[in-house]
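**Q** Input structure: entry.cif, which contains mmCIF, N, CA and C atoms.
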data_run
loop_
_atom_site.label_atom_id
_atom_site.label_comp_id
_atom_site.auth_asym_id
_atom_site.auth_seq_id
_atom_site.Cartn_x
_atom_site.Cartn_y
_atom_site.Cartn_z
N MET Z 680 -7.90 19.96 23.39
CA MET Z 680 -8.99 19.79 22.46
C MET Z 680 -10.30 19.83 23.23
N PRO Z 681 -11.27 20.59 22.74
CA PRO Z 681 -12.55 20.66 23.44
C PRO Z 681 -13.34 19.36 23.29
N ARG Z 682 -14.22 19.13 24.23
CA ARG Z 682 -15.09 17.95 24.15
C ARG Z 682 -16.07 18.13 22.99
N ILE Z 683 -16.17 17.11 22.16
CA ILE Z 683 -17.08 17.14 21.01
C ILE Z 683 -18.43 16.61 21.48
N GLU Z 684 -19.45 17.46 21.42
CA GLU Z 684 -20.78 17.11 21.93
C GLU Z 684 -21.75 16.65 20.85
N SER Z 685 -21.47 16.98 19.59
CA SER Z 685 -22.41 16.63 18.52
C SER Z 685 -21.69 16.62 17.18
N VAL Z 686 -22.37 16.15 16.18
CA VAL Z 686 -21.81 16.16 14.82
C VAL Z 686 -21.59 17.59 14.37
N ASP Z 687 -22.51 18.48 14.69
CA ASP Z 687 -22.35 19.89 14.31
C ASP Z 687 -21.12 20.51 14.97
N HIS Z 688 -20.91 20.16 16.23
CA HIS Z 688 -19.74 20.66 16.95
C HIS Z 688 -18.46 20.14 16.30
N LEU Z 689 -18.45 18.87 15.93
CA LEU Z 689 -17.29 18.28 15.25
C LEU Z 689 -17.05 18.97 13.92
N THR Z 690 -18.10 19.22 13.16
CA THR Z 690 -17.98 19.89 11.87
C THR Z 690 -17.39 21.29 12.03
N GLU Z 691 -17.85 22.02 13.02
CA GLU Z 691 -17.35 23.37 13.28
C GLU Z 691 -15.89 23.34 13.73
N TYR Z 692 -15.55 22.40 14.60
CA TYR Z 692 -14.17 22.27 15.07
C TYR Z 692 -13.24 21.94 13.89
N ARG Z 693 -13.66 21.04 13.05
CA ARG Z 693 -12.88 20.67 11.86
C ARG Z 693 -12.69 21.88 10.94
N ARG Z 694 -13.75 22.66 10.75
CA ARG Z 694 -13.67 23.85 9.90
C ARG Z 694 -12.64 24.83 10.44
N LYS Z 695 -12.65 25.04 11.76
CA LYS Z 695 -11.70 25.96 12.39
C LYS Z 695 -10.27 25.47 12.23
N LEU Z 696 -10.08 24.17 12.41
CA LEU Z 696 -8.73 23.62 12.25
C LEU Z 696 -8.22 23.80 10.83
N ARG Z 697 -9.07 23.50 9.87
CA ARG Z 697 -8.66 23.66 8.46
C ARG Z 697 -8.39 25.11 8.11
N ALA Z 698 -9.18 26.03 8.64
CA ALA Z 698 -8.99 27.45 8.35
C ALA Z 698 -7.68 27.96 8.94
N SER Z 699 -7.24 27.36 10.04
CA SER Z 699 -6.00 27.82 10.68
C SER Z 699 -4.75 27.25 10.02
N ARG Z 700 -4.92 26.26 9.16
CA ARG Z 700 -3.78 25.61 8.51
C ARG Z 700 -3.49 26.27 7.17
N ASP Z 701 -2.23 26.59 6.94
CA ASP Z 701 -1.80 27.13 5.65
C ASP Z 701 -1.64 25.96 4.68
N PRO Z 702 -2.47 25.87 3.64
CA PRO Z 702 -2.39 24.73 2.73
C PRO Z 702 -1.09 24.68 1.94
N ASN Z 703 -0.34 25.77 1.92
CA ASN Z 703 0.93 25.79 1.19
C ASN Z 703 2.14 25.60 2.09
N GLN Z 704 1.92 25.38 3.38
CA GLN Z 704 3.01 25.17 4.33
C GLN Z 704 3.71 23.85 4.01
N PRO Z 705 5.01 23.88 3.70
CA PRO Z 705 5.73 22.63 3.46
C PRO Z 705 5.68 21.73 4.70
N THR Z 706 5.25 20.50 4.49
CA THR Z 706 5.07 19.56 5.60
C THR Z 706 5.52 18.18 5.17
N VAL Z 707 6.25 17.50 6.06
CA VAL Z 707 6.65 16.12 5.86
C VAL Z 707 5.87 15.29 6.86
N LEU Z 708 5.08 14.34 6.37
CA LEU Z 708 4.26 13.48 7.22
C LEU Z 708 4.84 12.07 7.17
N VAL Z 709 5.33 11.59 8.30
CA VAL Z 709 5.91 10.25 8.39
C VAL Z 709 4.93 9.34 9.10
N CYS Z 710 4.53 8.27 8.44
CA CYS Z 710 3.60 7.32 9.04
C CYS Z 710 4.26 6.66 10.25
N SER Z 711 3.54 6.67 11.36
CA SER Z 711 4.00 5.99 12.57
C SER Z 711 2.92 5.04 13.08
N GLY Z 712 2.15 4.52 12.13
CA GLY Z 712 1.12 3.56 12.46
C GLY Z 712 1.72 2.22 12.85
N PRO Z 713 0.88 1.28 13.28
CA PRO Z 713 1.39 -0.01 13.77
C PRO Z 713 2.13 -0.82 12.72
N GLY Z 714 1.87 -0.58 11.44
CA GLY Z 714 2.61 -1.29 10.40
C GLY Z 714 3.96 -0.68 10.10
N CYS Z 715 4.10 0.62 10.32
CA CYS Z 715 5.35 1.33 10.00
C CYS Z 715 6.32 1.41 11.17
N LEU Z 716 5.81 1.42 12.40
CA LEU Z 716 6.70 1.51 13.56
C LEU Z 716 7.76 0.40 13.57
N PRO Z 717 7.37 -0.87 13.39
CA PRO Z 717 8.40 -1.91 13.42
C PRO Z 717 9.34 -1.86 12.21
N LEU Z 718 8.97 -1.10 11.19
CA LEU Z 718 9.82 -0.97 10.00
C LEU Z 718 10.78 0.21 10.12
N GLY Z 719 10.75 0.92 11.25
CA GLY Z 719 11.71 1.98 11.48
C GLY Z 719 11.22 3.39 11.26
N SER Z 720 9.92 3.63 11.42
CA SER Z 720 9.40 4.97 11.16
C SER Z 720 9.99 6.02 12.11
N GLU Z 721 10.31 5.63 13.35
CA GLU Z 721 10.91 6.60 14.27
C GLU Z 721 12.29 7.04 13.77
N GLU Z 722 13.06 6.10 13.23
CA GLU Z 722 14.38 6.42 12.69
C GLU Z 722 14.25 7.30 11.45
N VAL Z 723 13.25 7.02 10.62
CA VAL Z 723 13.01 7.84 9.43
C VAL Z 723 12.68 9.27 9.84
N ALA Z 724 11.78 9.43 10.81
CA ALA Z 724 11.42 10.77 11.28
C ALA Z 724 12.63 11.48 11.87
N ARG Z 725 13.44 10.76 12.63
CA ARG Z 725 14.64 11.36 13.21
C ARG Z 725 15.62 11.79 12.11
N ALA Z 726 15.76 10.99 11.06
CA ALA Z 726 16.65 11.34 9.95
C ALA Z 726 16.15 12.60 9.24
N PHE Z 727 14.84 12.72 9.05
CA PHE Z 727 14.28 13.94 8.46
C PHE Z 727 14.58 15.14 9.36
N GLN Z 728 14.38 14.96 10.66
CA GLN Z 728 14.60 16.04 11.62
C GLN Z 728 16.05 16.51 11.57
N GLU Z 729 16.98 15.57 11.55
CA GLU Z 729 18.41 15.91 11.50
C GLU Z 729 18.77 16.60 10.19
N ALA Z 730 18.26 16.08 9.08
CA ALA Z 730 18.56 16.68 7.77
C ALA Z 730 17.98 18.09 7.67
N MET Z 731 16.77 18.27 8.20
CA MET Z 731 16.16 19.60 8.17
C MET Z 731 16.95 20.59 9.02
N ALA Z 732 17.44 20.14 10.17
CA ALA Z 732 18.24 21.02 11.03
C ALA Z 732 19.56 21.36 10.34
N GLU Z 733 20.18 20.37 9.72
CA GLU Z 733 21.45 20.58 9.02
C GLU Z 733 21.31 21.59 7.89
N LYS Z 734 20.18 21.55 7.20
CA LYS Z 734 19.93 22.46 6.07
C LYS Z 734 19.22 23.74 6.51
N GLU Z 735 19.04 23.91 7.83
CA GLU Z 735 18.37 25.08 8.41
C GLU Z 735 16.95 25.26 7.87
N LEU Z 736 16.23 24.14 7.78
CA LEU Z 736 14.85 24.15 7.28
C LEU Z 736 13.82 23.93 8.39
N SER Z 737 14.27 23.70 9.61
CA SER Z 737 13.34 23.37 10.70
C SER Z 737 12.29 24.45 10.94
N ALA Z 738 12.62 25.71 10.69
CA ALA Z 738 11.66 26.79 10.89
C ALA Z 738 10.73 26.96 9.70
N LYS Z 739 11.07 26.34 8.57
CA LYS Z 739 10.28 26.51 7.34
C LYS Z 739 9.41 25.31 7.01
N VAL Z 740 9.83 24.13 7.45
CA VAL Z 740 9.14 22.89 7.10
C VAL Z 740 8.66 22.23 8.38
N ILE Z 741 7.40 21.80 8.39
CA ILE Z 741 6.83 21.10 9.54
C ILE Z 741 7.06 19.60 9.35
N LEU Z 742 7.53 18.96 10.39
CA LEU Z 742 7.68 17.50 10.40
C LEU Z 742 6.66 16.94 11.37
N LYS Z 743 5.83 16.01 10.89
CA LYS Z 743 4.81 15.40 11.74
C LYS Z 743 4.88 13.89 11.61
N THR Z 744 4.73 13.21 12.74
CA THR Z 744 4.50 11.77 12.69
C THR Z 744 2.99 11.59 12.79
N THR Z 745 2.47 10.67 12.03
CA THR Z 745 1.03 10.51 11.92
C THR Z 745 0.61 9.07 12.18
N GLY Z 746 -0.68 8.87 12.15
CA GLY Z 746 -1.22 7.53 12.18
C GLY Z 746 -1.06 6.88 10.81
N CYS Z 747 -1.68 5.76 10.65
CA CYS Z 747 -1.54 4.96 9.44
C CYS Z 747 -1.96 5.71 8.18
N HIS Z 748 -1.14 5.60 7.14
CA HIS Z 748 -1.46 6.17 5.83
C HIS Z 748 -2.16 5.15 4.94
N GLY Z 749 -2.28 3.92 5.39
CA GLY Z 749 -2.84 2.86 4.57
C GLY Z 749 -1.72 2.14 3.83
N LEU Z 750 -2.06 1.04 3.19
CA LEU Z 750 -1.09 0.24 2.44
C LEU Z 750 0.12 -0.10 3.30
N CYS Z 751 -0.11 -0.72 4.44
CA CYS Z 751 0.95 -1.00 5.41
C CYS Z 751 2.09 -1.83 4.82
N ALA Z 752 1.80 -2.65 3.83
CA ALA Z 752 2.86 -3.46 3.21
C ALA Z 752 3.87 -2.60 2.49
N LYS Z 753 3.54 -1.33 2.26
CA LYS Z 753 4.44 -0.41 1.55
C LYS Z 753 5.18 0.53 2.50
N GLY Z 754 5.08 0.28 3.82
CA GLY Z 754 5.69 1.18 4.79
C GLY Z 754 7.20 1.04 4.85
N VAL Z 755 7.83 1.99 5.34
CA VAL Z 755 7.42 3.24 5.96
C VAL Z 755 7.00 4.21 4.85
N LYS Z 756 5.84 4.85 5.04
CA LYS Z 756 5.34 5.80 4.06
C LYS Z 756 5.58 7.23 4.53
N VAL Z 757 5.94 8.08 3.56
CA VAL Z 757 6.18 9.50 3.82
C VAL Z 757 5.40 10.30 2.79
N LEU Z 758 4.69 11.32 3.24
CA LEU Z 758 3.91 12.18 2.36
C LEU Z 758 4.45 13.60 2.46
N LEU Z 759 4.69 14.23 1.31
CA LEU Z 759 5.14 15.61 1.27
C LEU Z 759 3.99 16.49 0.82
N ARG Z 760 3.73 17.52 1.60
CA ARG Z 760 2.69 18.49 1.25
C ARG Z 760 3.33 19.85 1.09
N PRO Z 761 2.84 20.69 0.24
CA PRO Z 761 1.55 20.65 -0.44
C PRO Z 761 1.56 19.87 -1.75
N GLN Z 762 2.71 19.33 -2.15
CA GLN Z 762 2.81 18.66 -3.45
C GLN Z 762 2.03 17.34 -3.51
N GLU Z 763 1.69 16.78 -2.36
CA GLU Z 763 1.00 15.49 -2.27
C GLU Z 763 1.83 14.39 -2.94
N ILE Z 764 3.12 14.39 -2.67
CA ILE Z 764 4.02 13.36 -3.17
C ILE Z 764 4.15 12.31 -2.07
N ALA Z 765 3.93 11.04 -2.43
CA ALA Z 765 4.02 9.95 -1.47
C ALA Z 765 5.22 9.07 -1.80
N TYR Z 766 5.97 8.73 -0.76
CA TYR Z 766 7.09 7.80 -0.89
C TYR Z 766 6.77 6.56 -0.08
N GLN Z 767 7.14 5.40 -0.60
CA GLN Z 767 6.88 4.13 0.05
C GLN Z 767 8.19 3.42 0.34
N LYS Z 768 8.16 2.56 1.33
CA LYS Z 768 9.32 1.75 1.72
C LYS Z 768 10.54 2.62 2.01
N VAL Z 769 10.32 3.72 2.72
CA VAL Z 769 11.40 4.64 3.08
C VAL Z 769 12.18 4.03 4.25
N THR Z 770 13.50 4.06 4.14
CA THR Z 770 14.36 3.54 5.22
C THR Z 770 15.39 4.58 5.61
#
For the structure just supplied, provide its representation as structure tokens.
**A**
Amino acid sequence: MPRIESVDHLTEYRRKLRASRDPNQPTVLVCSGPGCLPLGSEEVARAFQEAMAEKELSAKVILKTTGCHGLCAKGVKVLLRPQEIAYQKVT
């Protein structure tokens, strides 16, 4: 990642990142923030990874672990894109 020197530089970098992302790319986002880690977010991500490999979806669906999604009391949280479907208390 390049060094961000100004707000304008940050805005331009963000624009480039968004332009490079396919908004319709199926993506599973698993919260791995400090509230979800002790609730088993690593195991949830691993289960998604194994299921995707079993169904031969690893090349079609992106799996990402992320920072906090908010509402930590509802963790582990999983977000599916592009549908913007959120699941709470995933185990």
**Q** Which residues come within 12 Å of Z:Arg725, counting only C-alpha atoms, excluding same-chain residues fewer than 5 positions away, as a list in words?
**A**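 In the requested form, the answer reads Val707, Val709, Ser711, Gly719, Ser720, Ala730, Met731, Ala732, Leu742, Lys743, Thr744 and Thr770 of chain Z.
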**Q** How many Å lie between atom C of Z:Ser737 and atom C of Z:Pro681, rounded to one decimal?
**A**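 Spanning atom C of Z:Ser737 to atom C of Z:Pro681 is a straight-line distance of 28.9 Å.
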**Q** Between Z:His688, Z:Lys768, Z:Arg694, Z:Arg760, single out the one closest to Z:Leu708, counting all atoms listed in the file.
**A** Z:Arg760
**Q** Considering only C-alpha atoms, tabulate each residue of stretch 706-746 of chain Z that lies at most 12 Å from stretch 696-702 of chain Z along with its nearest interatomic pair and the corresponding distance in Å to one decimal; arrange the rows by chain and ascending residue number and present them as a tab-separated table.
**A**
residue	atom	partner	partner_atom	distance
Z:Thr706	CA	Z:Pro702	CA	9.5
Z:Val740	CA	Z:Asp701	CA	11.8
Z:Ile741	CA	Z:Asp701	CA	11.2
**Q** Just list the residues in chain Z DSSP gives alpha helix (DSSP H) on the backbone, as a list in words.
**A**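 Secondary structure check on chain Z, alpha helix (DSSP H): Val686, Asp687, His688, Leu689, Thr690, Glu691, Tyr692, Arg693, Arg694, Lys695, Leu696, Arg697, Ala698, Ser699, Ser720, Glu721, Glu722, Val723, Ala724, Arg725, Ala726, Phe727, Gln728, Glu729, Ala730, Met731, Ala732 and Glu733 of chain Z.
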**Q** Let's have the selection written as a PDB file, keeping the file's coordinate frame, with N, CA and C atoms.
**A**
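Below is the file that was written, again_2.pdb:
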ATOM      1  N   VAL Z 686     -22.370  16.150  16.180  1.00  0.00           N
ATOM      2  CA  VAL Z 686     -21.810  16.160  14.820  1.00  0.00           C
ATOM      3  C   VAL Z 686     -21.590  17.590  14.370  1.00  0.00           C
ATOM      4  N   ASP Z 687     -22.510  18.480  14.690  1.00  0.00           N
ATOM      5  CA  ASP Z 687     -22.350  19.890  14.310  1.00  0.00           C
ATOM      6  C   ASP Z 687     -21.120  20.510  14.970  1.00  0.00           C
ATOM      7  N   HIS Z 688     -20.910  20.160  16.230  1.00  0.00           N
ATOM      8  CA  HIS Z 688     -19.740  20.660  16.950  1.00  0.00           C
ATOM      9  C   HIS Z 688     -18.460  20.140  16.300  1.00  0.00           C
ATOM     10  N   LEU Z 689     -18.450  18.870  15.930  1.00  0.00           N
ATOM     11  CA  LEU Z 689     -17.290  18.280  15.250  1.00  0.00           C
ATOM     12  C   LEU Z 689     -17.050  18.970  13.920  1.00  0.00           C
ATOM     13  N   THR Z 690     -18.100  19.220  13.160  1.00  0.00           N
ATOM     14  CA  THR Z 690     -17.980  19.890  11.870  1.00  0.00           C
ATOM     15  C   THR Z 690     -17.390  21.290  12.030  1.00  0.00           C
ATOM     16  N   GLU Z 691     -17.850  22.020  13.020  1.00  0.00           N
ATOM     17  CA  GLU Z 691     -17.350  23.370  13.280  1.00  0.00           C
ATOM     18  C   GLU Z 691     -15.890  23.340  13.730  1.00  0.00           C
ATOM     19  N   TYR Z 692     -15.550  22.400  14.600  1.00  0.00           N
ATOM     20  CA  TYR Z 692     -14.170  22.270  15.070  1.00  0.00           C
ATOM     21  C   TYR Z 692     -13.240  21.940  13.890  1.00  0.00           C
ATOM     22  N   ARG Z 693     -13.660  21.040  13.050  1.00  0.00           N
ATOM     23  CA  ARG Z 693     -12.880  20.670  11.860  1.00  0.00           C
ATOM     24  C   ARG Z 693     -12.690  21.880  10.940  1.00  0.00           C
ATOM     25  N   ARG Z 694     -13.750  22.660  10.750  1.00  0.00           N
ATOM     26  CA  ARG Z 694     -13.670  23.850   9.900  1.00  0.00           C
ATOM     27  C   ARG Z 694     -12.640  24.830  10.440  1.00  0.00           C
ATOM     28  N   LYS Z 695     -12.650  25.040  11.760  1.00  0.00           N
ATOM     29  CA  LYS Z 695     -11.700  25.960  12.390  1.00  0.00           C
ATOM     30  C   LYS Z 695     -10.270  25.470  12.230  1.00  0.00           C
ATOM     31  N   LEU Z 696     -10.080  24.170  12.410  1.00  0.00           N
ATOM     32  CA  LEU Z 696      -8.730  23.620  12.250  1.00  0.00           C
ATOM     33  C   LEU Z 696      -8.220  23.800  10.830  1.00  0.00           C
ATOM     34  N   ARG Z 697      -9.070  23.500   9.870  1.00  0.00           N
ATOM     35  CA  ARG Z 697      -8.660  23.660   8.460  1.00  0.00           C
ATOM     36  C   ARG Z 697      -8.390  25.110   8.110  1.00  0.00           C
ATOM     37  N   ALA Z 698      -9.180  26.030   8.640  1.00  0.00           N
ATOM     38  CA  ALA Z 698      -8.990  27.450   8.350  1.00  0.00           C
ATOM     39  C   ALA Z 698      -7.680  27.960   8.940  1.00  0.00           C
ATOM     40  N   SER Z 699      -7.240  27.360  10.040  1.00  0.00           N
ATOM     41  CA  SER Z 699      -6.000  27.820  10.680  1.00  0.00           C
ATOM     42  C   SER Z 699      -4.750  27.250  10.020  1.00  0.00           C
ATOM     43  N   SER Z 720       9.920   3.630  11.420  1.00  0.00           N
ATOM     44  CA  SER Z 720       9.400   4.970  11.160  1.00  0.00           C
ATOM     45  C   SER Z 720       9.990   6.020  12.110  1.00  0.00           C
ATOM     46  N   GLU Z 721      10.310   5.630  13.350  1.00  0.00           N
ATOM     47  CA  GLU Z 721      10.910   6.600  14.270  1.00  0.00           C
ATOM     48  C   GLU Z 721      12.290   7.040  13.770  1.00  0.00           C
ATOM     49  N   GLU Z 722      13.060   6.100  13.230  1.00  0.00           N
ATOM     50  CA  GLU Z 722      14.380   6.420  12.690  1.00  0.00           C
ATOM     51  C   GLU Z 722      14.250   7.300  11.450  1.00  0.00           C
ATOM     52  N   VAL Z 723      13.250   7.020  10.620  1.00  0.00           N
ATOM     53  CA  VAL Z 723      13.010   7.840   9.430  1.00  0.00           C
ATOM     54  C   VAL Z 723      12.680   9.270   9.840  1.00  0.00           C
ATOM     55  N   ALA Z 724      11.780   9.430  10.810  1.00  0.00           N
ATOM     56  CA  ALA Z 724      11.420  10.770  11.280  1.00  0.00           C
ATOM     57  C   ALA Z 724      12.630  11.480  11.870  1.00  0.00           C
ATOM     58  N   ARG Z 725      13.440  10.760  12.630  1.00  0.00           N
ATOM     59  CA  ARG Z 725      14.640  11.360  13.210  1.00  0.00           C
ATOM     60  C   ARG Z 725      15.620  11.790  12.110  1.00  0.00           C
ATOM     61  N   ALA Z 726      15.760  10.990  11.060  1.00  0.00           N
ATOM     62  CA  ALA Z 726      16.650  11.340   9.950  1.00  0.00           C
ATOM     63  C   ALA Z 726      16.150  12.600   9.240  1.00  0.00           C
ATOM     64  N   PHE Z 727      14.840  12.720   9.050  1.00  0.00           N
ATOM     65  CA  PHE Z 727      14.280  13.940   8.460  1.00  0.00           C
ATOM     66  C   PHE Z 727      14.580  15.140   9.360  1.00  0.00           C
ATOM     67  N   GLN Z 728      14.380  14.960  10.660  1.00  0.00           N
ATOM     68  CA  GLN Z 728      14.600  16.040  11.620  1.00  0.00           C
ATOM     69  C   GLN Z 728      16.050  16.510  11.570  1.00  0.00           C
ATOM     70  N   GLU Z 729      16.980  15.570  11.550  1.00  0.00           N
ATOM     71  CA  GLU Z 729      18.410  15.910  11.500  1.00  0.00           C
ATOM     72  C   GLU Z 729      18.770  16.600  10.190  1.00  0.00           C
ATOM     73  N   ALA Z 730      18.260  16.080   9.080  1.00  0.00           N
ATOM     74  CA  ALA Z 730      18.560  16.680   7.770  1.00  0.00           C
ATOM     75  C   ALA Z 730      17.980  18.090   7.670  1.00  0.00           C
ATOM     76  N   MET Z 731      16.770  18.270   8.200  1.00  0.00           N
ATOM     77  CA  MET Z 731      16.160  19.600   8.170  1.00  0.00           C
ATOM     78  C   MET Z 731      16.950  20.590   9.020  1.00  0.00           C
ATOM     79  N   ALA Z 732      17.440  20.140  10.170  1.00  0.00           N
ATOM     80  CA  ALA Z 732      18.240  21.020  11.030  1.00  0.00           C
ATOM     81  C   ALA Z 732      19.560  21.360  10.340  1.00  0.00           C
ATOM     82  N   GLU Z 733      20.180  20.370   9.720  1.00  0.00           N
ATOM     83  CA  GLU Z 733      21.450  20.580   9.020  1.00  0.00           C
ATOM     84  C   GLU Z 733      21.310  21.590   7.890  1.00  0.00           C
TER      85      GLU Z 733
END
**Q** Run DSSP on the backbone and give me the residues of chain Z it puts in strand (DSSP E), as a ChimeraX atom specification.
**A** /Z:706-710,741-745,757-760,764-766
**Q** Here is a test: counting only C-alpha atoms, which residue of Z:Thr690, Z:Gly712, Z:Ala726, Z:Lys734 is nearest to Z:Leu750?
**A**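 Of the candidates, the smallest distance to Z:Leu750 is held by Z:Gly712.
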**Q** Pick from Z:Glu691, Z:Leu736, Z:Gln704, Z:Leu718: nearest to Z:Val755, with only N, CA and C atoms counted?
**A** Z:Leu718
**Q** What is the atom CA of Z:Tyr766-atom CA of Z:Glu729 distance in Å, reported with one decimal?
**A** 18.6 Å
**Q** Between atom C of Z:Cys751 and atom CA of Z:Gly714, what is the distance in Å, rounded to a tenth?
**A** 5.6 Å
**Q** At a cut-off of 6 Å, using only N, CA and C atoms, what residues contact Z:Cys710? Leave out same-chain residues fewer than 4 positions from it and give the result as number ranges by chain.
**A** Z: 715-716, 720, 744-748, 755-757
